[in-house]
>>> print(open('final-v5.cif').read())   # mmCIF, C-alpha atoms
data_my_file
loop_
_atom_site.group_PDB
_atom_site.id
_atom_site.type_symbol
_atom_site.label_atom_id
_atom_site.label_comp_id
_atom_site.auth_asym_id
_atom_site.auth_seq_id
_atom_site.Cartn_x
_atom_site.Cartn_y
_atom_site.Cartn_z
ATOM 1 C CA MET A 1 16.345 16.003 -14.694
ATOM 2 C CA LYS A 2 12.997 15.062 -13.226
ATOM 3 C CA PRO A 3 12.541 11.377 -12.324
ATOM 4 C CA GLN A 4 9.808 9.367 -13.982
ATOM 5 C CA ILE A 5 8.464 8.041 -10.670
ATOM 6 C CA THR A 6 8.156 9.505 -7.180
ATOM 7 C CA ILE A 7 7.714 6.896 -4.422
ATOM 8 C CA ALA A 8 6.216 8.016 -1.105
ATOM 9 C CA LEU A 9 7.200 6.019 1.982
ATOM 10 C CA PRO A 10 5.658 7.366 5.224
ATOM 11 C CA VAL A 11 7.250 6.051 8.406
ATOM 12 C CA TYR A 12 6.053 5.815 11.977
ATOM 13 C CA ASN A 13 8.091 3.676 14.389
ATOM 14 C CA GLY A 14 9.262 1.461 11.553
ATOM 15 C CA ALA A 15 12.942 1.095 12.419
ATOM 16 C CA SER A 16 12.846 -2.704 12.514
ATOM 17 C CA THR A 17 11.473 -3.128 8.967
ATOM 18 C CA LEU A 18 12.273 0.111 7.116
ATOM 19 C CA GLY A 19 15.673 -1.074 5.913
ATOM 20 C CA LEU A 20 14.217 -3.985 3.931
ATOM 21 C CA ALA A 21 11.560 -1.769 2.381
ATOM 22 C CA VAL A 22 14.057 0.839 1.199
ATOM 23 C CA ARG A 23 16.572 -1.704 -0.088
ATOM 24 C CA SER A 24 13.810 -3.324 -2.143
ATOM 25 C CA ILE A 25 13.349 0.040 -3.885
ATOM 26 C CA ILE A 26 17.070 0.647 -4.379
ATOM 27 C CA ARG A 27 17.321 -2.753 -6.079
ATOM 28 C CA GLN A 28 14.551 -2.087 -8.597
ATOM 29 C CA SER A 29 15.322 -2.930 -12.209
ATOM 30 C CA PHE A 30 13.786 0.461 -13.071
ATOM 31 C CA GLN A 31 16.128 3.121 -11.714
ATOM 32 C CA ASP A 32 14.650 6.481 -12.771
ATOM 33 C CA TRP A 33 12.903 7.277 -9.486
ATOM 34 C CA GLU A 34 13.036 9.397 -6.365
ATOM 35 C CA LEU A 35 12.073 8.068 -2.953
ATOM 36 C CA ILE A 36 10.594 10.468 -0.398
ATOM 37 C CA ILE A 37 10.764 9.014 3.120
ATOM 38 C CA LEU A 38 8.573 10.949 5.534
ATOM 39 C CA ASP A 39 8.943 10.375 9.259
ATOM 40 C CA ASP A 40 5.787 11.100 11.265
ATOM 41 C CA ALA A 41 7.497 11.951 14.574
ATOM 42 C CA SER A 42 8.625 8.407 15.357
ATOM 43 C CA SER A 43 9.729 7.600 18.893
ATOM 44 C CA ASP A 44 12.067 4.739 17.858
ATOM 45 C CA ASP A 45 15.211 4.783 15.692
ATOM 46 C CA SER A 46 13.396 5.301 12.377
ATOM 47 C CA VAL A 47 15.135 8.616 11.686
ATOM 48 C CA GLU A 48 18.568 7.058 12.225
ATOM 49 C CA VAL A 49 17.676 4.272 9.783
ATOM 50 C CA MET A 50 16.450 6.877 7.273
ATOM 51 C CA ARG A 51 19.722 8.777 7.499
ATOM 52 C CA GLY A 52 21.714 5.607 6.884
ATOM 53 C CA PHE A 53 20.972 5.456 3.152
ATOM 54 C CA ASP A 54 23.539 7.120 0.919
ATOM 55 C CA ASP A 55 21.634 7.598 -2.328
ATOM 56 C CA GLU A 56 21.030 10.979 -3.938
ATOM 57 C CA ARG A 57 17.615 9.810 -5.150
ATOM 58 C CA ILE A 58 16.368 9.468 -1.561
ATOM 59 C CA ARG A 59 14.870 12.564 0.071
ATOM 60 C CA LEU A 60 14.216 12.639 3.815
ATOM 61 C CA VAL A 61 11.475 14.575 5.573
ATOM 62 C CA GLU A 62 11.857 14.517 9.358
ATOM 63 C CA GLY A 63 8.653 15.371 11.195
ATOM 64 C CA ASN A 64 8.564 16.762 14.724
ATOM 65 C CA LYS A 65 4.792 16.360 15.020
ATOM 66 C CA ASN A 66 2.590 13.329 14.430
ATOM 67 C CA ILE A 67 0.072 14.382 11.749
ATOM 68 C CA GLY A 68 -0.969 10.991 10.347
ATOM 69 C CA LEU A 69 -0.584 8.944 7.187
ATOM 70 C CA SER A 70 -2.871 10.927 4.898
ATOM 71 C CA ALA A 71 -1.219 14.240 5.726
ATOM 72 C CA ARG A 72 2.234 12.762 5.072
ATOM 73 C CA LEU A 73 1.117 11.336 1.727
ATOM 74 C CA ASN A 74 -0.327 14.690 0.705
ATOM 75 C CA MET A 75 2.967 16.291 1.703
ATOM 76 C CA ALA A 76 4.815 13.822 -0.529
ATOM 77 C CA MET A 77 2.529 14.727 -3.446
ATOM 78 C CA ASP A 78 3.411 18.383 -3.030
ATOM 79 C CA LEU A 79 7.127 17.562 -3.016
ATOM 80 C CA ALA A 80 6.960 15.043 -5.877
ATOM 81 C CA LYS A 81 8.790 15.666 -9.145
ATOM 82 C CA GLY A 82 7.856 12.511 -11.046
ATOM 83 C CA GLU A 83 5.195 12.017 -13.684
ATOM 84 C CA TYR A 84 3.930 9.036 -11.707
ATOM 85 C CA PHE A 85 3.358 8.745 -7.952
ATOM 86 C CA ALA A 86 3.763 5.393 -6.186
ATOM 87 C CA ARG A 87 3.151 4.064 -2.680
ATOM 88 C CA MET A 88 5.372 1.997 -0.429
ATOM 89 C CA ASP A 89 4.882 0.953 3.192
ATOM 90 C CA GLN A 90 7.581 0.704 5.841
ATOM 91 C CA ASP A 91 7.080 -3.008 6.504
ATOM 92 C CA ASP A 92 6.568 -4.346 2.969
ATOM 93 C CA VAL A 93 8.925 -5.481 0.204
ATOM 94 C CA SER A 94 8.704 -4.637 -3.493
ATOM 95 C CA PHE A 95 9.697 -7.267 -6.040
ATOM 96 C CA PRO A 96 12.658 -6.090 -8.193
ATOM 97 C CA HIS A 97 10.545 -5.669 -11.340
ATOM 98 C CA ARG A 98 7.608 -3.902 -9.667
ATOM 99 C CA LEU A 99 8.299 -0.346 -10.836
ATOM 100 C CA GLN A 100 9.249 -1.398 -14.361
ATOM 101 C CA LYS A 101 6.091 -3.426 -14.899
ATOM 102 C CA GLN A 102 3.810 -0.750 -13.503
ATOM 103 C CA PHE A 103 5.573 1.996 -15.450
ATOM 104 C CA ASP A 104 5.326 0.023 -18.708
ATOM 105 C CA TYR A 105 1.621 -0.621 -18.154
ATOM 106 C CA LEU A 106 0.802 3.013 -17.419
ATOM 107 C CA GLN A 107 2.830 4.156 -20.415
ATOM 108 C CA SER A 108 0.912 1.807 -22.708
ATOM 109 C CA HIS A 109 -2.496 2.552 -21.098
ATOM 110 C CA PRO A 110 -2.629 6.365 -20.798
ATOM 111 C CA ALA A 111 -6.341 6.308 -19.869
ATOM 112 C CA VAL A 112 -5.543 4.510 -16.580
ATOM 113 C CA ASP A 113 -5.264 6.872 -13.611
ATOM 114 C CA LEU A 114 -4.330 4.376 -10.915
ATOM 115 C CA LEU A 115 -2.753 0.919 -11.071
ATOM 116 C CA SER A 116 -2.271 -1.725 -8.378
ATOM 117 C CA SER A 117 -1.187 -5.370 -8.348
ATOM 118 C CA ASN A 118 -1.712 -8.619 -6.529
ATOM 119 C CA VAL A 119 0.372 -9.154 -3.391
ATOM 120 C CA LEU A 120 2.248 -11.993 -1.762
ATOM 121 C CA VAL A 121 1.346 -12.175 1.925
ATOM 122 C CA PHE A 122 4.122 -13.088 4.355
ATOM 123 C CA ALA A 123 4.671 -13.329 8.103
ATOM 124 C CA ASP A 124 7.681 -12.274 10.154
ATOM 125 C CA GLY A 125 10.760 -14.125 9.024
ATOM 126 C CA GLY A 126 9.602 -14.047 5.416
ATOM 127 C CA LYS A 127 7.323 -17.080 5.689
ATOM 128 C CA VAL A 128 4.933 -17.150 2.736
ATOM 129 C CA LEU A 129 1.254 -17.368 3.690
ATOM 130 C CA GLY A 130 -0.196 -17.128 0.168
ATOM 131 C CA GLN A 131 -1.399 -14.339 -2.076
ATOM 132 C CA TRP A 132 -4.359 -12.041 -2.473
ATOM 133 C CA GLN A 133 -5.285 -12.655 -6.051
ATOM 134 C CA ILE A 134 -7.546 -11.152 -8.646
ATOM 135 C CA VAL A 135 -7.380 -11.923 -12.352
ATOM 136 C CA ASN A 136 -7.776 -9.471 -15.235
ATOM 137 C CA ALA A 137 -8.954 -6.643 -13.005
ATOM 138 C CA ASP A 138 -10.161 -3.779 -15.139
ATOM 139 C CA HIS A 139 -12.078 -0.769 -13.862
ATOM 140 C CA LEU A 140 -15.539 -2.308 -14.176
ATOM 141 C CA LEU A 141 -14.531 -5.427 -12.281
ATOM 142 C CA ILE A 142 -12.758 -3.492 -9.528
ATOM 143 C CA CYS A 143 -15.712 -1.132 -9.044
ATOM 144 C CA ARG A 144 -18.625 -3.517 -9.557
ATOM 145 C CA GLN A 145 -19.599 -3.474 -5.856
ATOM 146 C CA PRO A 146 -18.211 -0.245 -4.382
ATOM 147 C CA TRP A 147 -20.085 -0.673 -1.098
ATOM 148 C CA ARG A 148 -18.022 -3.816 -0.408
ATOM 149 C CA GLY A 149 -14.701 -2.089 -1.093
ATOM 150 C CA PHE A 150 -12.166 -2.102 -3.912
ATOM 151 C CA TYR A 151 -9.503 -4.721 -4.501
ATOM 152 C CA MET A 152 -6.531 -2.394 -4.914
ATOM 153 C CA PRO A 153 -3.919 -3.087 -2.194
ATOM 154 C CA HIS A 154 -2.751 0.339 -1.087
ATOM 155 C CA PRO A 155 1.027 -0.308 -0.887
ATOM 156 C CA THR A 156 1.028 -1.387 -4.558
ATOM 157 C CA TRP A 157 -0.474 1.809 -5.964
ATOM 158 C CA MET A 158 1.092 3.733 -8.814
ATOM 159 C CA GLY A 159 -0.738 6.398 -10.776
ATOM 160 C CA THR A 160 -0.384 9.759 -12.384
ATOM 161 C CA LEU A 161 0.729 12.506 -10.046
ATOM 162 C CA ARG A 162 -1.979 14.646 -11.625
ATOM 163 C CA TRP A 163 -4.684 12.230 -10.402
ATOM 164 C CA PHE A 164 -3.318 12.076 -6.867
ATOM 165 C CA ARG A 165 -3.117 15.860 -6.607
ATOM 166 C CA LYS A 166 -6.671 16.203 -7.895
ATOM 167 C CA TYR A 167 -8.240 13.938 -5.270
ATOM 168 C CA ARG A 168 -5.698 13.843 -2.411
ATOM 169 C CA TYR A 169 -6.176 11.956 0.856
ATOM 170 C CA ARG A 170 -8.462 12.941 3.732
ATOM 171 C CA SER A 171 -7.024 12.758 7.238
ATOM 172 C CA SER A 172 -10.507 12.099 8.617
ATOM 173 C CA ALA A 173 -10.332 8.682 6.918
ATOM 174 C CA ASP A 174 -6.915 7.608 8.292
ATOM 175 C CA GLY A 175 -7.053 3.853 8.694
ATOM 176 C CA VAL A 176 -9.136 3.358 5.539
ATOM 177 C CA GLU A 177 -7.772 6.353 3.631
ATOM 178 C CA ASP A 178 -7.260 4.271 0.483
ATOM 179 C CA GLN A 179 -10.813 2.923 0.326
ATOM 180 C CA GLU A 180 -12.275 6.349 1.021
ATOM 181 C CA LEU A 181 -10.229 7.881 -1.791
ATOM 182 C CA LEU A 182 -11.251 5.129 -4.220
ATOM 183 C CA TYR A 183 -14.935 5.453 -3.335
ATOM 184 C CA ARG A 184 -14.822 9.223 -3.703
ATOM 185 C CA SER A 185 -13.080 9.130 -7.090
ATOM 186 C CA TYR A 186 -14.031 5.923 -8.936
ATOM 187 C CA ARG A 187 -16.948 7.387 -10.907
ATOM 188 C CA GLU A 188 -14.612 9.883 -12.575
ATOM 189 C CA SER A 189 -11.465 7.731 -12.799
ATOM 190 C CA CYS A 190 -10.027 4.640 -14.457
ATOM 191 C CA PHE A 191 -8.448 1.919 -12.288
ATOM 192 C CA ALA A 192 -6.594 -1.284 -13.159
ATOM 193 C CA CYS A 193 -4.845 -4.098 -11.311
ATOM 194 C CA LEU A 194 -2.047 -6.346 -12.572
ATOM 195 C CA CYS A 195 -2.775 -9.992 -11.876
ATOM 196 C CA GLU A 196 0.710 -10.945 -10.668
ATOM 197 C CA PRO A 197 2.113 -10.242 -7.196
ATOM 198 C CA LEU A 198 4.586 -7.348 -7.331
ATOM 199 C CA LEU A 199 4.852 -6.690 -3.598
ATOM 200 C CA GLY A 200 5.319 -8.692 -0.429
ATOM 201 C CA TYR A 201 2.749 -7.594 2.159
ATOM 202 C CA ARG A 202 3.572 -8.232 5.812
ATOM 203 C CA GLU A 203 0.533 -9.687 7.588
ATOM 204 C CA SER A 204 -0.101 -7.650 10.729
ATOM 205 C CA ARG A 205 -3.866 -7.511 11.119
ATOM 206 C CA THR A 206 -5.262 -7.670 14.646
ATOM 207 C CA LEU A 207 -8.837 -7.680 15.868
ATOM 208 C CA LYS A 208 -8.358 -4.193 17.326
ATOM 209 C CA LYS A 209 -7.099 -2.803 13.999
ATOM 210 C CA MET A 210 -9.905 -4.428 12.027
ATOM 211 C CA PHE A 211 -12.582 -3.236 14.461
ATOM 212 C CA ARG A 212 -11.262 0.312 14.210
ATOM 213 C CA ALA A 213 -11.152 0.061 10.407
ATOM 214 C CA ARG A 214 -14.793 -1.091 10.249
ATOM 215 C CA LEU A 215 -15.893 1.920 12.284
ATOM 216 C CA ILE A 216 -13.894 4.319 10.109
ATOM 217 C CA VAL A 217 -15.396 2.781 6.954
ATOM 218 C CA LEU A 218 -18.871 3.348 8.370
ATOM 219 C CA ARG A 219 -18.061 6.964 9.139
ATOM 220 C CA ALA A 220 -15.971 7.862 6.080
ATOM 221 C CA LEU A 221 -17.501 5.854 3.228
ATOM 222 C CA GLY A 222 -20.984 5.841 4.712
ATOM 223 C CA GLY A 223 -20.797 9.567 5.272
ATOM 224 C CA GLU A 224 -19.571 10.208 1.722
ATOM 225 C CA ALA A 225 -22.377 8.095 0.260
ATOM 226 C CA TYR A 226 -24.998 9.845 2.368
ATOM 227 C CA VAL A 227 -23.771 13.356 1.556
ATOM 228 C CA ARG A 228 -23.743 12.586 -2.169
ATOM 229 C CA GLY A 229 -27.219 11.118 -2.030
ATOM 230 C CA TYR A 230 -26.197 7.529 -2.792
ATOM 231 C CA TYR A 231 -28.632 6.118 -0.271
ATOM 232 C CA ALA A 232 -28.569 2.573 -1.641
ATOM 233 C CA ASP A 233 -24.785 2.537 -1.225
ATOM 234 C CA PHE A 234 -25.162 4.018 2.260
ATOM 235 C CA SER A 235 -27.440 1.174 3.380
ATOM 236 C CA LYS A 236 -25.230 -1.495 1.803
ATOM 237 C CA ILE A 237 -22.062 -0.059 3.364
ATOM 238 C CA ILE A 238 -23.621 -0.258 6.821
ATOM 239 C CA LEU A 239 -24.870 -3.829 6.270
ATOM 240 C CA VAL A 240 -21.578 -5.094 4.797
ATOM 241 C CA GLN A 241 -19.460 -3.616 7.587
ATOM 242 C CA ILE A 242 -21.719 -5.075 10.289
ATOM 243 C CA LEU A 243 -21.454 -8.507 8.657
ATOM 244 C CA LYS A 244 -17.670 -8.168 8.330
ATOM 245 C CA LEU A 245 -17.399 -7.132 11.971
ATOM 246 C CA CYS A 246 -19.376 -10.220 13.036
ATOM 247 C CA ALA A 247 -17.093 -12.389 10.904
ATOM 248 C CA ASP A 248 -14.005 -10.784 12.484
ATOM 249 C CA LEU A 249 -15.320 -11.519 15.981
ATOM 250 C CA LEU A 250 -16.165 -15.132 15.146
ATOM 251 C CA ARG A 251 -12.845 -15.717 13.395
ATOM 252 C CA HIS A 252 -10.697 -14.323 16.199
ATOM 253 C CA GLY A 253 -12.889 -15.284 19.134
ATOM 254 C CA LEU A 254 -13.864 -18.787 18.058
ATOM 255 C CA GLY A 255 -11.089 -19.612 15.617
ATOM 256 C CA MET A 256 -13.429 -19.867 12.630
ATOM 257 C CA SER A 257 -10.715 -19.191 10.053
ATOM 258 C CA SER A 258 -13.015 -20.181 7.187
ATOM 259 C CA LEU A 259 -14.718 -16.811 7.569
ATOM 260 C CA ARG A 260 -11.706 -14.865 6.293
ATOM 261 C CA ASN A 261 -11.044 -14.285 2.631
ATOM 262 C CA PRO A 262 -8.890 -17.282 1.683
ATOM 263 C CA LEU A 263 -5.356 -16.713 0.482
ATOM 264 C CA GLN A 264 -4.493 -18.344 -2.827
ATOM 265 C CA PRO A 265 -1.408 -20.550 -3.287
ATOM 266 C CA LEU A 266 1.673 -19.199 -5.037
ATOM 267 C CA ASP A 267 3.171 -20.718 -8.133
ATOM 268 C CA GLU A 268 6.611 -22.245 -7.642
ATOM 269 C CA ALA A 269 8.439 -19.609 -9.711
ATOM 270 C CA THR A 270 7.102 -16.752 -7.577
ATOM 271 C CA ARG A 271 7.854 -18.669 -4.377
ATOM 272 C CA LEU A 272 11.466 -19.180 -5.444
ATOM 273 C CA LEU A 273 11.809 -15.550 -6.505
ATOM 274 C CA TRP A 274 10.532 -14.439 -3.105
ATOM 275 C CA ALA A 275 12.909 -16.743 -1.227
ATOM 276 C CA GLU A 276 15.854 -15.403 -3.221
ATOM 277 C CA LEU A 277 14.779 -11.796 -2.694
ATOM 278 C CA TRP A 278 14.235 -12.249 1.048
ATOM 279 C CA CYS A 279 17.631 -13.847 1.546
ATOM 280 C CA SER A 280 19.362 -11.219 -0.567
ATOM 281 C CA LEU A 281 17.802 -8.243 1.227
ATOM 282 C CA ASN A 282 18.506 -9.680 4.656
ATOM 283 C CA SER A 283 22.097 -10.502 3.699
ATOM 284 C CA SER A 284 22.557 -6.861 2.690
ATOM 285 C CA SER A 285 21.173 -5.800 6.050
ATOM 286 C CA GLN A 286 23.624 -7.984 7.946
ATOM 287 C CA SER A 287 26.555 -6.760 5.841
ATOM 288 C CA SER A 288 25.602 -3.132 6.487
ATOM 289 C CA GLN A 289 25.390 -3.748 10.206
ATOM 290 C CA LYS A 290 28.830 -5.407 10.263
ATOM 291 C CA GLY A 291 30.251 -2.543 8.255
ATOM 292 C CA GLY A 292 28.822 -0.063 10.732
ATOM 293 C CA ASP A 293 30.331 -2.010 13.627
#
>>> encode(input="final-v5.cif", output="structure tokens")
Amino acid sequence: MKPQITIALPVYNGASTLGLAVRSIIRQSFQDWELIILDDASSDDSVEVMRGFDDERIRLVEGNKNIGLSARLNMAMDLAKGEYFARMDQDDVSFPHRLQKQFDYLQSHPAVDLLSSNVLVFADGGKVLGQWQIVNADHLLICRQPWRGFYMPHPTWMGTLRWFRKYRYRSSADGVEDQELLYRSYRESCFACLCEPLLGYRESRTLKKMFRARLIVLRALGGEAYVRGYYADFSKIILVQILKLCADLLRHGLGMSSLRNPLQPLDEATRLLWAELWCSLNSSSQSSQKGGD
């Protein structure tokens, strides 16, 4: 029988974190899924980690050529069997009820094409830094200022496979492929965001990554706006990205942390749930390693 949900997990040199990500999917309260893990020609032990999972719902795609994130996600769409298509990153952790809550919402809101959630932000070692938070995010709120971007954290996405196959990702936008896809599709789609954190997002932003992302936004989103004749958006995209780039330089160069979007505090229940989940997943990792020894 076909699974209800297909989860795409592209991997590139993710051996050190992939195990936690996959185990967080295996431990979901919702079990009617398939997980497609796609290696993008990693040079570390990612493939060996991929092969270490004995679960018939996990499908492995081993790549011998590096083709990029967007191409791997499009490949997963073509292989998918589920009604819904979900994202997962190699260094993040899904809360145990993530799939169930997103599935229930999409089932009860058939007009919604794409759903995301808030995220808990953590550092190496599982240390909680806070959460990116938005409340009651319906389509109009998410899309009210498209030139500034869309609050829909990419690793939390779940939507209809039909929608993903209609719009697909563009490899030319790798690095901001999610924002480019949202900008290209939002006028003809319906988005939503759940206001609770359903995924732990590993903080790994560097000045180099952010600088590259700003340039790609200018090229991809700015180019899309210009081609479509949205000249007001085009001008605003350029201005916003220049201002964000200046803020990045000041924050990293001069330590002006107030210029970043502030993380919101977590409630105690979510903090305790995260601590329990982190310990449990890492205990499983240690047990597996001992068993292998």
>>> closest_residue(input="final-v5.cif", among="A:Leu60, A:Leu114, A:Ala247, A:Met75", to="Ser185 in chain A", atoms="only C-alpha atoms")
A:Leu114
>>> closest_residue(input="final-v5.cif", among="A:Glu188, A:Asp174, A:Asp44, A:Asp32", to="Glu56 in chain A", atoms="all atoms listed in the file")
A:Asp32
>>> closest_residue(input="final-v5.cif", among="A:Ala41, A:Ala137, A:Leu115, A:Ala232", to="Asn64 in chain A", atoms="only C-alpha atoms")
A:Ala41
>>> resolve_selection(input="final-v5.cif", expression="the PyMOL selection byres ((chain A and resi 240-244) around 9)", output="number ranges by chain")
A: 147-148, 214-215, 217-218, 235-239, 245-249
>>> residues_around(input="final-v5.cif", residues="Leu18 in chain A", least_positions_apart="6", cutoff="12 Å", atoms="only C-alpha atoms", output="PyMOL selection string")
chain A and resi 9-12+24-25+37-39+44-53+88-93+281-282+285
>>> decode(input="final-v5.cif", residues="range 143-215 of chain A", atoms="C-alpha atoms", output="mmCIF file, in the first residue's frame")
data_model
loop_
_atom_site.group_PDB
_atom_site.id
_atom_site.type_symbol
_atom_site.label_atom_id
_atom_site.label_comp_id
_atom_site.auth_asym_id
_atom_site.auth_seq_id
_atom_site.Cartn_x
_atom_site.Cartn_y
_atom_site.Cartn_z
ATOM 1 C CA CYS A 143 2.835 36.615 2.123
ATOM 2 C CA ARG A 144 2.151 40.192 3.204
ATOM 3 C CA GLN A 145 5.673 41.377 2.288
ATOM 4 C CA PRO A 146 7.032 38.922 -0.291
ATOM 5 C CA TRP A 147 10.065 41.080 -1.080
ATOM 6 C CA ARG A 148 11.290 40.549 2.501
ATOM 7 C CA GLY A 149 10.902 36.767 2.339
ATOM 8 C CA PHE A 150 8.455 34.228 3.728
ATOM 9 C CA TYR A 151 8.450 32.828 7.241
ATOM 10 C CA MET A 152 8.233 29.141 6.358
ATOM 11 C CA PRO A 153 11.323 27.283 7.662
ATOM 12 C CA HIS A 154 12.274 24.916 4.865
ATOM 13 C CA PRO A 155 13.026 21.765 6.922
ATOM 14 C CA THR A 156 9.495 21.891 8.390
ATOM 15 C CA TRP A 157 7.631 21.830 5.077
ATOM 16 C CA MET A 158 4.857 19.377 4.328
ATOM 17 C CA GLY A 159 2.447 19.784 1.442
ATOM 18 C CA THR A 160 0.615 17.950 -1.259
ATOM 19 C CA LEU A 161 2.833 16.017 -3.624
ATOM 20 C CA ARG A 162 0.731 17.468 -6.431
ATOM 21 C CA TRP A 163 1.791 21.017 -5.470
ATOM 22 C CA PHE A 164 5.476 20.142 -5.257
ATOM 23 C CA ARG A 165 5.431 18.435 -8.650
ATOM 24 C CA LYS A 166 3.661 21.414 -10.199
ATOM 25 C CA TYR A 167 6.242 23.990 -9.110
ATOM 26 C CA ARG A 168 9.409 21.963 -8.397
ATOM 27 C CA TYR A 169 12.735 23.448 -7.305
ATOM 28 C CA ARG A 170 15.188 25.369 -9.487
ATOM 29 C CA SER A 171 18.856 24.437 -9.215
ATOM 30 C CA SER A 172 19.815 27.989 -10.179
ATOM 31 C CA ALA A 173 18.457 29.081 -6.780
ATOM 32 C CA ASP A 174 20.357 26.532 -4.633
ATOM 33 C CA GLY A 175 21.061 28.227 -1.329
ATOM 34 C CA VAL A 176 17.713 30.052 -1.285
ATOM 35 C CA GLU A 177 15.750 27.425 -3.214
ATOM 36 C CA ASP A 178 12.889 27.541 -0.702
ATOM 37 C CA GLN A 179 12.383 31.308 -0.864
ATOM 38 C CA GLU A 180 12.579 31.295 -4.648
ATOM 39 C CA LEU A 181 9.940 28.571 -4.856
ATOM 40 C CA LEU A 182 7.645 30.416 -2.439
ATOM 41 C CA TYR A 183 8.004 33.706 -4.310
ATOM 42 C CA ARG A 184 7.330 32.032 -7.641
ATOM 43 C CA SER A 185 4.223 30.197 -6.418
ATOM 44 C CA TYR A 186 2.552 32.214 -3.636
ATOM 45 C CA ARG A 187 0.094 34.098 -5.861
ATOM 46 C CA GLU A 188 -1.460 30.812 -6.982
ATOM 47 C CA SER A 189 -1.081 28.813 -3.751
ATOM 48 C CA CYS A 190 -2.260 28.627 -0.152
ATOM 49 C CA PHE A 191 0.326 28.490 2.658
ATOM 50 C CA ALA A 192 -0.013 28.039 6.418
ATOM 51 C CA CYS A 193 2.286 27.758 9.422
ATOM 52 C CA LEU A 194 1.604 26.026 12.740
ATOM 53 C CA CYS A 195 2.512 28.237 15.673
ATOM 54 C CA GLU A 196 4.246 25.563 17.759
ATOM 55 C CA PRO A 197 7.799 24.298 17.215
ATOM 56 C CA LEU A 198 7.742 20.856 15.583
ATOM 57 C CA LEU A 199 11.406 20.665 14.595
ATOM 58 C CA GLY A 200 14.771 21.330 16.179
ATOM 59 C CA TYR A 201 16.892 23.438 13.821
ATOM 60 C CA ARG A 202 20.663 23.263 14.242
ATOM 61 C CA GLU A 203 22.141 26.771 14.125
ATOM 62 C CA SER A 204 24.983 26.784 11.606
ATOM 63 C CA ARG A 205 24.860 30.182 9.937
ATOM 64 C CA THR A 206 28.172 31.817 9.061
ATOM 65 C CA LEU A 207 28.909 35.174 7.492
ATOM 66 C CA LYS A 208 30.109 33.438 4.321
ATOM 67 C CA LYS A 209 26.870 31.442 3.997
ATOM 68 C CA MET A 210 24.693 34.487 4.623
ATOM 69 C CA PHE A 211 26.641 36.641 2.157
ATOM 70 C CA ARG A 212 26.259 33.970 -0.510
ATOM 71 C CA ALA A 213 22.540 33.647 0.266
ATOM 72 C CA ARG A 214 22.003 37.413 -0.109
ATOM 73 C CA LEU A 215 23.607 37.356 -3.550
#
